[in-house]
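Q: Provided herewith: run29.csv, CSV, C-alpha atoms and all ligand atoms.
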chain,number,residue,atom,x,y,z
Q,6,MET,CA,-0.6,-8.9,35.3
Q,7,LYS,CA,-4.0,-9.5,33.7
Q,8,ALA,CA,-3.9,-10.5,30.0
Q,9,ALA,CA,-6.2,-11.9,27.3
Q,10,VAL,CA,-4.4,-14.9,26.1
Q,11,LEU,CA,-5.1,-17.0,22.9
Q,12,THR,CA,-4.0,-20.6,23.1
Q,13,GLY,CA,-5.8,-22.0,20.1
Q,14,PRO,CA,-7.8,-20.2,17.5
Q,15,ALA,CA,-11.6,-20.7,17.5
Q,16,SER,CA,-14.8,-19.0,16.6
Q,17,ILE,CA,-15.2,-15.9,18.8
Q,18,ASP,CA,-18.6,-17.2,19.8
Q,19,SER,CA,-16.8,-19.8,21.9
Q,20,ARG,CA,-14.9,-17.0,23.8
Q,21,PRO,CA,-11.4,-18.3,22.9
Q,22,LEU,CA,-9.5,-15.5,24.8
Q,23,GLU,CA,-8.7,-16.5,28.3
Q,24,ILE,CA,-8.4,-13.7,30.9
Q,25,ARG,CA,-5.3,-14.9,32.9
Q,26,ASP,CA,-3.0,-13.7,35.5
Q,27,ILE,CA,0.6,-14.0,34.1
Q,28,PRO,CA,4.0,-12.5,34.9
Q,29,VAL,CA,4.7,-9.0,33.7
Q,30,PRO,CA,7.2,-9.4,30.8
Q,31,THR,CA,10.8,-8.2,31.2
Q,32,PRO,CA,12.0,-5.8,28.5
Q,33,ALA,CA,15.2,-6.9,26.7
Q,34,PRO,CA,17.9,-4.3,26.0
Q,35,SER,CA,16.5,-1.9,23.4
Q,36,GLN,CA,13.0,-2.6,24.4
Q,37,VAL,CA,10.6,-0.7,26.7
Q,38,LEU,CA,8.0,-2.0,29.1
Q,39,LEU,CA,4.7,-0.1,28.7
Q,40,ARG,CA,1.8,0.1,31.1
Q,41,VAL,CA,-1.1,-0.3,28.6
Q,42,ARG,CA,-3.5,2.6,28.9
Q,43,ALA,CA,-5.7,1.6,25.9
Q,44,CYS,CA,-5.6,-0.9,23.1
Q,45,GLY,CA,-7.7,-0.8,20.0
Q,46,VAL,CA,-9.6,-3.8,18.7
Q,47,CYS,CA,-9.0,-4.4,14.9
Q,48,ARG,CA,-10.6,-6.8,12.5
Q,49,THR,CA,-7.1,-8.4,12.0
Q,50,ASP,CA,-7.2,-9.4,15.7
Q,51,LEU,CA,-10.4,-11.2,14.9
Q,52,HIS,CA,-8.7,-13.0,12.0
Q,53,ILE,CA,-5.9,-14.1,14.4
Q,54,VAL,CA,-8.3,-15.2,17.1
Q,55,GLU,CA,-10.5,-17.2,14.7
Q,56,GLY,CA,-7.5,-18.7,12.9
Q,57,GLU,CA,-7.9,-17.0,9.4
Q,58,LEU,CA,-4.4,-15.9,9.9
Q,59,LYS,CA,-2.5,-19.1,10.8
Q,60,PRO,CA,-1.2,-19.3,14.3
Q,61,LEU,CA,2.6,-18.9,14.5
Q,62,ARG,CA,2.9,-19.4,18.2
Q,63,ASP,CA,1.4,-21.7,20.9
Q,64,ARG,CA,0.0,-18.8,22.7
Q,65,VAL,CA,-0.2,-15.1,22.0
Q,66,ILE,CA,-1.7,-11.9,23.5
Q,67,PRO,CA,-3.4,-10.1,20.6
Q,68,GLY,CA,-3.7,-6.3,20.2
Q,69,HIS,CA,-1.7,-4.0,17.9
Q,70,GLN,CA,-3.0,-0.5,18.6
Q,71,ILE,CA,-1.4,0.1,21.9
Q,72,VAL,CA,-1.3,3.3,23.8
Q,73,GLY,CA,1.1,2.9,26.7
Q,74,GLU,CA,3.2,4.7,29.3
Q,75,VAL,CA,6.9,3.8,29.7
Q,76,VAL,CA,7.6,2.1,33.1
Q,77,ALA,CA,11.0,0.5,32.2
Q,78,GLY,CA,13.6,0.5,29.4
Q,79,ASP,CA,15.5,3.0,27.4
Q,80,LEU,CA,12.8,5.7,26.8
Q,81,PRO,CA,11.8,8.4,29.4
Q,82,ARG,CA,9.7,6.9,32.2
Q,83,GLY,CA,6.1,8.2,32.2
Q,84,SER,CA,6.2,9.3,28.5
Q,85,ARG,CA,3.5,8.0,26.3
Q,86,PHE,CA,4.0,6.0,23.1
Q,87,GLY,CA,1.9,4.1,20.5
Q,88,VAL,CA,2.6,0.7,19.2
Q,89,THR,CA,1.4,-0.4,15.7
Q,90,TRP,CA,1.1,-3.7,13.9
Q,91,MET,CA,4.8,-3.3,12.9
Q,92,ALA,CA,6.7,-4.6,15.9
Q,93,GLY,CA,10.1,-4.7,14.2
Q,94,ILE,CA,12.1,-5.5,11.1
Q,95,ASP,CA,15.3,-7.3,10.5
Q,96,GLY,CA,17.1,-4.2,9.3
Q,97,THR,CA,19.3,-6.2,6.9
Q,98,CYS,CA,17.1,-7.5,4.0
Q,99,GLU,CA,17.2,-5.8,0.6
Q,100,PHE,CA,14.0,-3.8,1.4
Q,101,CYS,CA,15.2,-2.5,4.8
Q,102,ARG,CA,18.5,-1.5,3.1
Q,103,ARG,CA,16.5,0.4,0.5
Q,104,GLY,CA,14.6,2.3,3.3
Q,105,GLU,CA,11.3,0.4,2.4
Q,106,GLU,CA,10.8,-1.1,5.9
Q,107,ASN,CA,7.1,-1.8,5.3
Q,108,LEU,CA,8.3,-4.4,2.7
Q,109,CYS,CA,10.8,-6.1,5.1
Q,110,ASP,CA,11.2,-9.8,4.3
Q,111,SER,CA,11.1,-10.8,8.0
Q,112,PRO,CA,9.0,-8.4,10.0
Q,113,ALA,CA,7.6,-9.0,13.5
Q,114,PHE,CA,4.0,-8.2,14.0
Q,115,THR,CA,2.5,-7.0,17.3
Q,116,GLY,CA,-0.2,-9.3,18.8
Q,117,TYR,CA,0.7,-12.0,16.2
Q,118,THR,CA,4.4,-12.9,16.2
Q,119,VAL,CA,5.0,-11.1,19.5
Q,120,ASP,CA,2.6,-10.4,22.3
Q,121,GLY,CA,0.4,-7.4,22.0
Q,122,GLY,CA,-1.7,-5.0,24.1
Q,123,TYR,CA,-4.7,-7.0,25.4
Q,124,ALA,CA,-3.0,-6.9,28.8
Q,125,GLU,CA,-2.0,-4.6,31.6
Q,126,PHE,CA,1.6,-4.4,30.3
Q,127,ALA,CA,3.4,-4.9,27.0
Q,128,VAL,CA,7.0,-4.8,25.8
Q,129,ALA,CA,7.9,-3.1,22.5
Q,130,ARG,CA,11.1,-2.3,20.6
Q,131,SER,CA,12.0,1.2,21.6
Q,132,ASP,CA,12.8,2.2,18.0
Q,133,PHE,CA,9.3,1.1,17.0
Q,134,ALA,CA,7.5,3.1,19.7
Q,135,ILE,CA,5.7,6.0,18.2
Q,136,PRO,CA,5.6,9.2,20.2
Q,137,LEU,CA,2.1,10.4,20.7
Q,138,PRO,CA,1.2,14.1,20.6
Q,139,ALA,CA,-0.4,15.5,23.8
Q,140,GLY,CA,-3.4,16.7,21.7
Q,141,LEU,CA,-4.7,13.1,21.4
Q,142,ASP,CA,-6.1,11.4,24.4
Q,143,ASP,CA,-5.5,7.6,25.0
Q,144,LEU,CA,-8.9,6.5,23.7
Q,145,GLU,CA,-8.7,8.7,20.6
Q,146,ALA,CA,-5.1,7.7,19.8
Q,147,ALA,CA,-5.7,3.9,19.9
Q,148,PRO,CA,-7.9,3.4,16.8
Q,149,LEU,CA,-5.6,5.7,14.8
Q,150,LEU,CA,-2.7,3.3,15.1
Q,151,CYS,CA,-3.9,0.7,12.7
Q,152,ALA,CA,-6.9,1.6,10.5
Q,153,GLY,CA,-5.9,5.3,10.6
Q,154,VAL,CA,-2.2,4.8,9.7
Q,155,ILE,CA,-2.9,2.4,6.9
Q,156,GLY,CA,-5.5,4.7,5.5
Q,157,PHE,CA,-3.0,7.5,5.6
Q,158,ARG,CA,-0.4,5.4,3.9
Q,159,SER,CA,-2.9,4.6,1.2
Q,160,LEU,CA,-3.3,8.3,0.5
Q,161,ARG,CA,0.5,8.6,0.2
Q,162,VAL,CA,0.7,5.5,-2.1
Q,163,ALA,CA,-2.0,7.0,-4.3
Q,164,GLY,CA,0.1,10.2,-4.4
Q,165,VAL,CA,-2.8,12.5,-3.2
Q,166,GLN,CA,-2.0,16.2,-3.6
Q,167,ARG,CA,-3.8,19.0,-2.0
Q,168,GLY,CA,-7.0,20.0,-3.7
Q,169,GLU,CA,-7.3,16.9,-5.8
Q,170,ARG,CA,-10.4,14.8,-6.6
Q,171,VAL,CA,-10.2,11.6,-4.5
Q,172,GLY,CA,-12.5,8.6,-4.6
Q,173,LEU,CA,-12.9,6.3,-1.6
Q,174,PHE,CA,-14.4,2.9,-2.7
Q,175,GLY,CA,-15.8,1.3,0.4
Q,176,PHE,CA,-16.2,3.2,3.7
Q,177,GLY,CA,-15.1,1.2,6.8
Q,178,ALA,CA,-12.7,2.0,9.7
Q,179,SER,CA,-9.8,3.0,7.5
Q,180,ALA,CA,-11.7,5.2,5.0
Q,181,HIS,CA,-13.6,7.1,7.7
Q,182,LEU,CA,-10.3,8.1,9.3
Q,183,ALA,CA,-8.8,9.0,5.9
Q,184,LEU,CA,-11.7,11.3,5.0
Q,185,PRO,CA,-10.9,14.1,7.5
Q,186,VAL,CA,-7.3,14.1,6.3
Q,187,LEU,CA,-8.5,14.7,2.7
Q,188,ARG,CA,-10.7,17.5,3.9
Q,189,ALA,CA,-7.8,19.1,5.7
Q,190,TRP,CA,-5.9,19.0,2.4
Q,191,GLY,CA,-8.7,20.7,0.6
Q,192,CYS,CA,-9.5,17.7,-1.6
Q,193,ARG,CA,-12.9,17.0,-3.2
Q,194,ILE,CA,-14.1,13.6,-1.8
Q,195,TYR,CA,-16.2,11.0,-3.6
Q,196,VAL,CA,-17.4,8.0,-1.7
Q,197,SER,CA,-18.9,4.9,-3.3
Q,198,THR,CA,-20.0,2.3,-0.7
Q,199,ARG,CA,-22.6,-0.3,0.1
Q,200,GLY,CA,-24.8,0.2,3.1
Q,201,ALA,CA,-26.9,3.2,4.1
Q,202,THR,CA,-25.1,3.5,7.4
Q,203,HIS,CA,-21.7,3.9,5.7
Q,204,ARG,CA,-23.2,6.4,3.2
Q,205,ASN,CA,-24.7,8.5,6.0
Q,206,LEU,CA,-21.5,8.5,7.9
Q,207,ALA,CA,-19.5,9.6,4.8
Q,208,GLU,CA,-22.1,12.4,4.2
Q,209,SER,CA,-21.9,13.5,7.8
Q,210,LEU,CA,-18.1,13.7,7.7
Q,211,GLY,CA,-18.3,16.0,4.7
Q,212,ALA,CA,-17.9,13.9,1.6
Q,213,ASP,CA,-18.7,16.0,-1.5
Q,214,TRP,CA,-20.5,13.1,-3.2
Q,215,VAL,CA,-21.8,9.8,-1.9
Q,216,GLY,CA,-23.1,6.9,-3.9
Q,217,SER,CA,-23.8,3.2,-3.7
Q,218,GLU,CA,-21.2,0.6,-4.8
Q,219,ARG,CA,-22.7,0.6,-8.3
Q,220,ASP,CA,-22.7,4.4,-8.7
Q,221,ARG,CA,-19.9,6.1,-10.6
Q,222,PRO,CA,-18.5,9.4,-9.2
Q,223,PRO,CA,-19.7,12.3,-11.3
Q,224,VAL,CA,-16.1,13.5,-12.2
Q,225,ARG,CA,-12.9,11.9,-13.3
Q,226,LEU,CA,-10.8,11.2,-10.2
Q,227,ASP,CA,-7.2,12.1,-9.7
Q,228,ARG,CA,-6.8,9.3,-7.2
Q,229,ALA,CA,-8.8,6.4,-5.9
Q,230,ILE,CA,-8.4,4.2,-2.9
Q,231,THR,CA,-10.3,0.9,-2.7
Q,232,PHE,CA,-11.0,-0.7,0.7
Q,233,ALA,CA,-13.1,-3.7,-0.3
Q,234,PRO,CA,-11.4,-7.1,-0.9
Q,235,SER,CA,-13.0,-7.2,-4.4
Q,236,GLY,CA,-11.3,-6.9,-7.8
Q,237,ASP,CA,-14.5,-5.6,-9.3
Q,238,VAL,CA,-14.2,-2.6,-7.1
Q,239,VAL,CA,-10.6,-2.0,-8.3
Q,240,VAL,CA,-11.8,-2.1,-11.9
Q,241,ALA,CA,-14.7,0.3,-11.1
Q,242,ALA,CA,-12.2,2.7,-9.5
Q,243,LEU,CA,-9.9,2.4,-12.5
Q,244,ALA,CA,-12.9,3.3,-14.8
Q,245,SER,CA,-13.4,6.5,-12.8
Q,246,LEU,CA,-9.8,7.7,-13.1
Q,247,ARG,CA,-8.3,10.4,-15.3
Q,248,LYS,CA,-5.2,9.8,-17.4
Q,249,GLY,CA,-2.1,9.6,-15.1
Q,250,GLY,CA,-4.3,8.8,-12.1
Q,251,VAL,CA,-3.6,6.2,-9.5
Q,252,VAL,CA,-5.7,3.5,-7.8
Q,253,ALA,CA,-4.3,2.4,-4.4
Q,254,ILE,CA,-5.6,-0.9,-3.1
Q,255,ASN,CA,-6.0,-1.0,0.7
Q,256,ALA,CA,-6.7,-4.7,1.1
Q,257,ILE,CA,-4.5,-7.6,2.0
Q,258,HIS,CA,-6.5,-10.1,-0.1
Q,259,LEU,CA,-8.5,-9.6,-3.3
Q,260,ASP,CA,-10.9,-12.2,-4.6
Q,261,ARG,CA,-9.4,-11.9,-8.0
Q,262,ILE,CA,-8.7,-9.2,-10.6
Q,263,PRO,CA,-11.2,-9.6,-13.4
Q,264,GLU,CA,-10.1,-9.3,-17.0
Q,265,PHE,CA,-10.4,-5.6,-18.1
Q,266,ASP,CA,-9.8,-3.6,-21.2
Q,267,TYR,CA,-6.3,-2.2,-21.3
Q,268,ASP,CA,-6.9,0.5,-23.9
Q,269,SER,CA,-9.7,2.3,-22.1
Q,270,LEU,CA,-8.9,1.5,-18.5
Q,271,LEU,CA,-5.1,1.4,-18.0
Q,272,TRP,CA,-3.5,3.1,-21.0
Q,273,GLY,CA,-2.8,6.8,-20.4
Q,274,GLU,CA,-0.3,6.1,-17.6
Q,275,ARG,CA,-3.0,5.1,-15.1
Q,276,GLN,CA,-1.6,3.0,-12.3
Q,277,ILE,CA,-2.8,0.3,-9.9
Q,278,ARG,CA,-0.8,0.0,-6.7
Q,279,SER,CA,-1.2,-2.2,-3.6
Q,280,VAL,CA,-0.6,-0.9,0.0
Q,281,ALA,CA,1.4,-3.2,2.3
Q,282,ASN,CA,1.9,-2.5,6.0
Q,283,VAL,CA,3.2,0.9,7.2
Q,284,THR,CA,6.4,2.6,8.0
Q,285,ARG,CA,7.3,4.3,11.3
Q,286,ALA,CA,7.3,7.6,9.4
Q,287,ASP,CA,3.7,6.9,8.3
Q,288,ALA,CA,2.7,6.4,11.9
Q,289,ARG,CA,4.5,9.4,13.3
Q,290,ASP,CA,3.3,11.7,10.6
Q,291,PHE,CA,-0.3,10.5,10.8
Q,292,VAL,CA,-0.6,10.9,14.6
Q,293,GLU,CA,0.9,14.4,14.4
Q,294,LEU,CA,-1.5,15.4,11.6
Q,295,ALA,CA,-4.5,13.8,13.4
Q,296,SER,CA,-3.7,15.9,16.5
Q,297,GLU,CA,-3.3,19.1,14.3
Q,298,ILE,CA,-6.6,18.7,12.5
Q,299,GLY,CA,-8.5,17.5,15.6
Q,300,LEU,CA,-9.3,14.0,14.2
Q,301,ARG,CA,-11.4,12.4,16.9
Q,302,PRO,CA,-12.5,8.9,16.2
Q,303,LYS,CA,-15.6,7.7,17.8
Q,304,VAL,CA,-14.9,4.9,20.3
Q,305,THR,CA,-16.7,2.4,22.4
Q,306,VAL,CA,-14.8,1.3,25.5
Q,307,PHE,CA,-14.6,-2.2,26.8
Q,308,ARG,CA,-12.8,-3.5,29.9
Q,309,LEU,CA,-9.9,-5.8,29.2
Q,310,GLU,CA,-12.0,-8.6,30.8
Q,311,GLN,CA,-14.5,-8.1,28.0
Q,312,ALA,CA,-12.0,-8.8,25.2
Q,313,ASN,CA,-14.2,-11.6,23.8
Q,314,GLU,CA,-17.3,-9.5,24.0
Q,315,ALA,CA,-15.6,-6.6,22.2
Q,316,MET,CA,-14.5,-8.9,19.4
Q,317,LEU,CA,-17.9,-10.4,19.1
Q,318,ALA,CA,-19.4,-7.0,18.8
Q,319,LEU,CA,-16.9,-6.1,16.1
Q,320,LYS,CA,-17.7,-9.3,14.2
Q,321,ASN,CA,-21.4,-8.5,14.4
Q,322,ASP,CA,-20.9,-4.9,13.4
Q,323,ALA,CA,-22.6,-3.9,16.6
Q,324,ILE,CA,-20.1,-1.2,17.6
Q,325,ASP,CA,-20.6,2.5,17.0
Q,326,GLY,CA,-17.1,3.6,16.0
Q,327,ALA,CA,-14.0,1.7,17.1
Q,328,ALA,CA,-13.7,-0.7,20.0
Q,329,VAL,CA,-11.0,0.1,22.6
Q,330,LEU,CA,-10.0,-2.1,25.5
Q,331,VAL,CA,-8.9,-0.4,28.7
Q,332,PRO,CA,-7.1,-2.5,31.4
J,401,ZN,ZN,14.0,-6.3,6.4
J,402,ZN,ZN,-5.2,-3.7,12.6
Take the structure in the file and give it back as structure tokens.
Ligand SMILES: [Zn+2]
Ligand SMILES: [Zn+2]
A:
Amino acid sequence: MKAAVLTGPASIDSRPLEIRDIPVPTPAPSQVLLRVRACGVCRTDLHIVEGELKPLRDRVIPGHQIVGEVVAGDLPRGSRFGVTWMAGIDGTCEFCRRGEENLCDSPAFTGYTVDGGYAEFAVARSDFAIPLPAGLDDLEAAPLLCAGVIGFRSLRVAGVQRGERVGLFGFGASAHLALPVLRAWGCRIYVSTRGATHRNLAESLGADWVGSERDRPPVRLDRAITFAPSGDVVVAALASLRKGGVVAINAIHLDRIPEFDYDSLLWGERQIRSVANVTRADARDFVELASEIGLRPKVTVFRLEQANEAMLALKNDAIDGAAVLVP
């Protein structure tokens, strides 16, 4: 099969992904072999390819937003499934036993610790394959499987209820897929973000208020989700919150959390929570909801052979919508 293989991380400018012909993998018991129909390109893939996430294997096939069709294994042949960043868990650690699988101490990650979907075929754990509703086509489903699901989990972590006032601080891939969910829930949506392009997109998607990263929403928010890797943004979100409100941080790293005033910003049972990985339930529920509400991400298609070009375009913010590779 054809696959985009990373043998050593390097700047994407040097085209580190090699398009190779390699054997089709054999699924182990309790795995499925999928014929890849589409695979989304995520910023995390770029971090893996460029080595910001340290390499854990000599060679790896990136890609963790896989839409594939079962060709072998213990799920029905021909049926369509999605594969996310969460490739598996140990099932035995304290967190798995508590039912908090997103916090597992030794998870496997698709396209990082196990091979991913920048290929014609991929294997996945059958119990981590996410059934995809027929209402989503391959290209629309792929970008939902990372940015979309984590955005959805952020809404859950923030405890968003129907009709509430919700702030989105930063407006990239994840936020723009969360916004239609908030609309479907009848929420009032307040977006603070840098960049006129992002502000225009938020407006066109139906945000009730849009401002720059320095503007404060005109109301007290019930919930806020921050998407920027900046502690200042977290404090700005906190400053916009009503008593009892929650800020959910959708960022793996923050530069720092600046010192802030407890009495005015956190007292009153305000909460700050981080968002880590996703559960299978998040993924299943989100793709169902996306199909129901007609969430249609904008995509730009690249051929598998153009994996380097797709990532370069992502790095240069030269893509309208999400990049998706098609073998
Ligand atoms: Zn575990
Ligand atoms: Zn991702």
Q: Name the residues in contact with Leu259 of chain Q at a cut-off of 9 Å, using all atoms listed in the file, excluding same-chain residues fewer than 5 positions from it; report them as number ranges by chain.
A: Q: 233-236
Q: Using only C-alpha atoms, pick whichever of Q:Arg20, Q:Lys7, Q:Lys303, Q:Arg308 has the shortest atom-to-atom distance to Ala327 of chain Q.
A: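 With only C-alpha atoms as the atom set, the closest residue is Q:Lys303.
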Q: Ranking Q:Pro32, Q:Gly216, Q:Gly45, Q:Gly140 by minimum distance to Gly116 of chain Q and counting all atoms listed in the file, which one comes first?
A: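 Of Q:Pro32, Q:Gly216, Q:Gly45, Q:Gly140, the one nearest Gly116 of chain Q, counting all atoms listed in the file, is Q:Gly45.
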Q: Would you give me, as CSV, each residue of chain Q having an atom within 12 Å of an atom of ligand ZN 401 (chain J), along with its shortest atom pair and that distance in Å to one decimal, using all atoms listed in the file and sorting by chain and residue number?
A:
residue,atom,partner,partner_atom,distance
Q:Met91,CA,J:ZN401,ZN,11.7
Q:Gly93,CA,J:ZN401,ZN,8.9
Q:Ile94,CA,J:ZN401,ZN,5.1
Q:Asp95,CA,J:ZN401,ZN,4.4
Q:Gly96,CA,J:ZN401,ZN,4.7
Q:Thr97,CA,J:ZN401,ZN,5.3
Q:Cys98,CA,J:ZN401,ZN,4.1
Q:Glu99,CA,J:ZN401,ZN,6.6
Q:Phe100,CA,J:ZN401,ZN,5.6
Q:Cys101,CA,J:ZN401,ZN,4.3
Q:Arg102,CA,J:ZN401,ZN,7.4
Q:Arg103,CA,J:ZN401,ZN,9.3
Q:Gly104,CA,J:ZN401,ZN,9.2
Q:Glu105,CA,J:ZN401,ZN,8.3
Q:Glu106,CA,J:ZN401,ZN,6.1
Q:Asn107,CA,J:ZN401,ZN,8.3
Q:Leu108,CA,J:ZN401,ZN,7.1
Q:Cys109,CA,J:ZN401,ZN,3.5
Q:Asp110,CA,J:ZN401,ZN,4.9
Q:Ser111,CA,J:ZN401,ZN,5.6
Q:Pro112,CA,J:ZN401,ZN,6.5
Q:Ala113,CA,J:ZN401,ZN,9.9
Q:Thr284,CA,J:ZN401,ZN,11.8
Q: Which residues are near ligand ZN 402 (chain J) - at most 6 Å, using only C-alpha atoms and all ligand atoms? Format: as a PDB file with C-alpha atoms, in the frame of the given file.
A:
ATOM      1  CA  CYS Q  47      -9.000  -4.400  14.900  1.00  0.00           C
ATOM      2  CA  THR Q  49      -7.100  -8.400  12.000  1.00  0.00           C
ATOM      3  CA  CYS Q 151      -3.900   0.700  12.700  1.00  0.00           C
ATOM      4  CA  ALA Q 152      -6.900   1.600  10.500  1.00  0.00           C
TER       5      ALA Q 152
END
Q: Would you kindly return, as an NGL selection string, each protein, DNA or RNA residue with an atom no farther than 10 Å from any atom of Asp79 of chain Q, considering only C-alpha atoms and excluding same-chain residues fewer than 4 positions away?
A: :Q and (32-38 or 75 or 130-132)
Q: Under the rule that all atoms listed in the file are counted, which of Q:Arg62, Q:Asp227, Q:Ala183, Q:Gly175 is the nearest residue to Arg204 of chain Q?
A: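 Among Q:Arg62, Q:Asp227, Q:Ala183, Q:Gly175, it is Q:Gly175 that comes nearest to Arg204 of chain Q.
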Q: For Val239 of chain Q, list every protein, DNA or RNA residue within 9 Å, evaluated using all atoms listed in the file, and leave out those in the same chain fewer than 2 positions away; present the list as number ranges by chain.
A: Q: 174, 229-231, 233, 235-237, 241-244, 252-254, 262, 277
Q: Please, which residues in segment 256-313 of chain Q fall within 9 Å of segment 160-165 of chain Q when counting all atoms listed in the file, and what is the closest atom pair and distance in Å to one decimal for each, ordered by chain then residue number, as JSON lines?
A:
{"residue": "Q:Gln276", "atom": "CA", "partner": "Q:Ala163", "partner_atom": "CA", "distance": 9.0}
{"residue": "Q:Ile277", "atom": "CA", "partner": "Q:Ala163", "partner_atom": "CA", "distance": 8.8}
{"residue": "Q:Arg278", "atom": "CA", "partner": "Q:Val162", "partner_atom": "CA", "distance": 7.3}
{"residue": "Q:Ser279", "atom": "CA", "partner": "Q:Val162", "partner_atom": "CA", "distance": 8.1}
{"residue": "Q:Val280", "atom": "CA", "partner": "Q:Val162", "partner_atom": "CA", "distance": 6.9}
{"residue": "Q:Asp287", "atom": "CA", "partner": "Q:Arg161", "partner_atom": "CA", "distance": 8.9}
Q: Near His52 of chain Q, within 12 Å and counting only C-alpha atoms, which residues show up once chain neighbours fewer than 5 positions away are dropped, as a list of chain:residue names?
A: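 What passes the distance filter is Q:Pro14, Q:Ala15, Q:Ser16, Q:Ile17, Q:Val46, Q:Cys47, Q:Glu57, Q:Leu58, Q:Lys59, Q:Pro60, Q:Pro67, Q:Gly68, Q:Gly116, Q:Tyr117, Q:Met316, Q:Leu317, Q:Leu319, Q:Lys320.
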Q: How far is it from atom CA of Ala127 of chain Q to atom CA of Ile53 of chain Q, in Å with one decimal?
A: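 Atom CA of Ala127 of chain Q sits 18.2 Å away from atom CA of Ile53 of chain Q.
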Q: Write segment 312-317 of chain Q as an mmCIF file, in the frame of the given file, completed to all heavy atoms.
A:
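Below is the file that was written, out_5.cif:
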data_model
loop_
_atom_site.group_PDB
_atom_site.id
_atom_site.type_symbol
_atom_site.label_atom_id
_atom_site.label_comp_id
_atom_site.auth_asym_id
_atom_site.auth_seq_id
_atom_site.Cartn_x
_atom_site.Cartn_y
_atom_site.Cartn_z
ATOM 1 N N ALA Q 312 -12.673 -8.665 26.523
ATOM 2 C CA ALA Q 312 -12.000 -8.800 25.200
ATOM 3 C C ALA Q 312 -12.850 -9.604 24.235
ATOM 4 O O ALA Q 312 -13.026 -9.245 23.069
ATOM 5 C CB ALA Q 312 -10.618 -9.312 25.356
ATOM 6 N N ASN Q 313 -13.370 -10.748 24.725
ATOM 7 C CA ASN Q 313 -14.200 -11.600 23.800
ATOM 8 C C ASN Q 313 -15.437 -10.870 23.360
ATOM 9 O O ASN Q 313 -15.798 -10.938 22.180
ATOM 10 C CB ASN Q 313 -14.596 -12.887 24.565
ATOM 11 C CG ASN Q 313 -13.433 -13.843 24.747
ATOM 12 O OD1 ASN Q 313 -12.874 -14.342 23.780
ATOM 13 N ND2 ASN Q 313 -13.043 -14.083 26.002
ATOM 14 N N GLU Q 314 -16.081 -10.165 24.300
ATOM 15 C CA GLU Q 314 -17.300 -9.500 24.000
ATOM 16 C C GLU Q 314 -17.045 -8.344 22.941
ATOM 17 O O GLU Q 314 -17.825 -8.112 22.018
ATOM 18 C CB GLU Q 314 -17.968 -8.844 25.217
ATOM 19 C CG GLU Q 314 -18.638 -9.839 26.144
ATOM 20 C CD GLU Q 314 -17.646 -10.706 26.920
ATOM 21 O OE1 GLU Q 314 -16.468 -10.314 27.033
ATOM 22 O OE2 GLU Q 314 -18.065 -11.788 27.387
ATOM 23 N N ALA Q 315 -15.909 -7.652 23.133
ATOM 24 C CA ALA Q 315 -15.600 -6.600 22.200
ATOM 25 C C ALA Q 315 -15.381 -7.114 20.800
ATOM 26 O O ALA Q 315 -15.854 -6.533 19.823
ATOM 27 C CB ALA Q 315 -14.266 -5.879 22.679
ATOM 28 N N MET Q 316 -14.709 -8.278 20.696
ATOM 29 C CA MET Q 316 -14.500 -8.900 19.400
ATOM 30 C C MET Q 316 -15.757 -9.392 18.753
ATOM 31 O O MET Q 316 -15.962 -9.290 17.549
ATOM 32 C CB MET Q 316 -13.459 -9.986 19.471
ATOM 33 C CG MET Q 316 -12.138 -9.495 19.955
ATOM 34 S SD MET Q 316 -10.896 -10.719 19.608
ATOM 35 C CE MET Q 316 -10.019 -9.860 18.414
ATOM 36 N N LEU Q 317 -16.594 -9.946 19.605
ATOM 37 C CA LEU Q 317 -17.900 -10.400 19.100
ATOM 38 C C LEU Q 317 -18.706 -9.290 18.564
ATOM 39 O O LEU Q 317 -19.313 -9.396 17.494
ATOM 40 C CB LEU Q 317 -18.604 -11.138 20.283
ATOM 41 C CG LEU Q 317 -19.792 -12.012 19.930
ATOM 42 C CD1 LEU Q 317 -19.380 -13.117 18.967
ATOM 43 C CD2 LEU Q 317 -20.392 -12.630 21.199
#
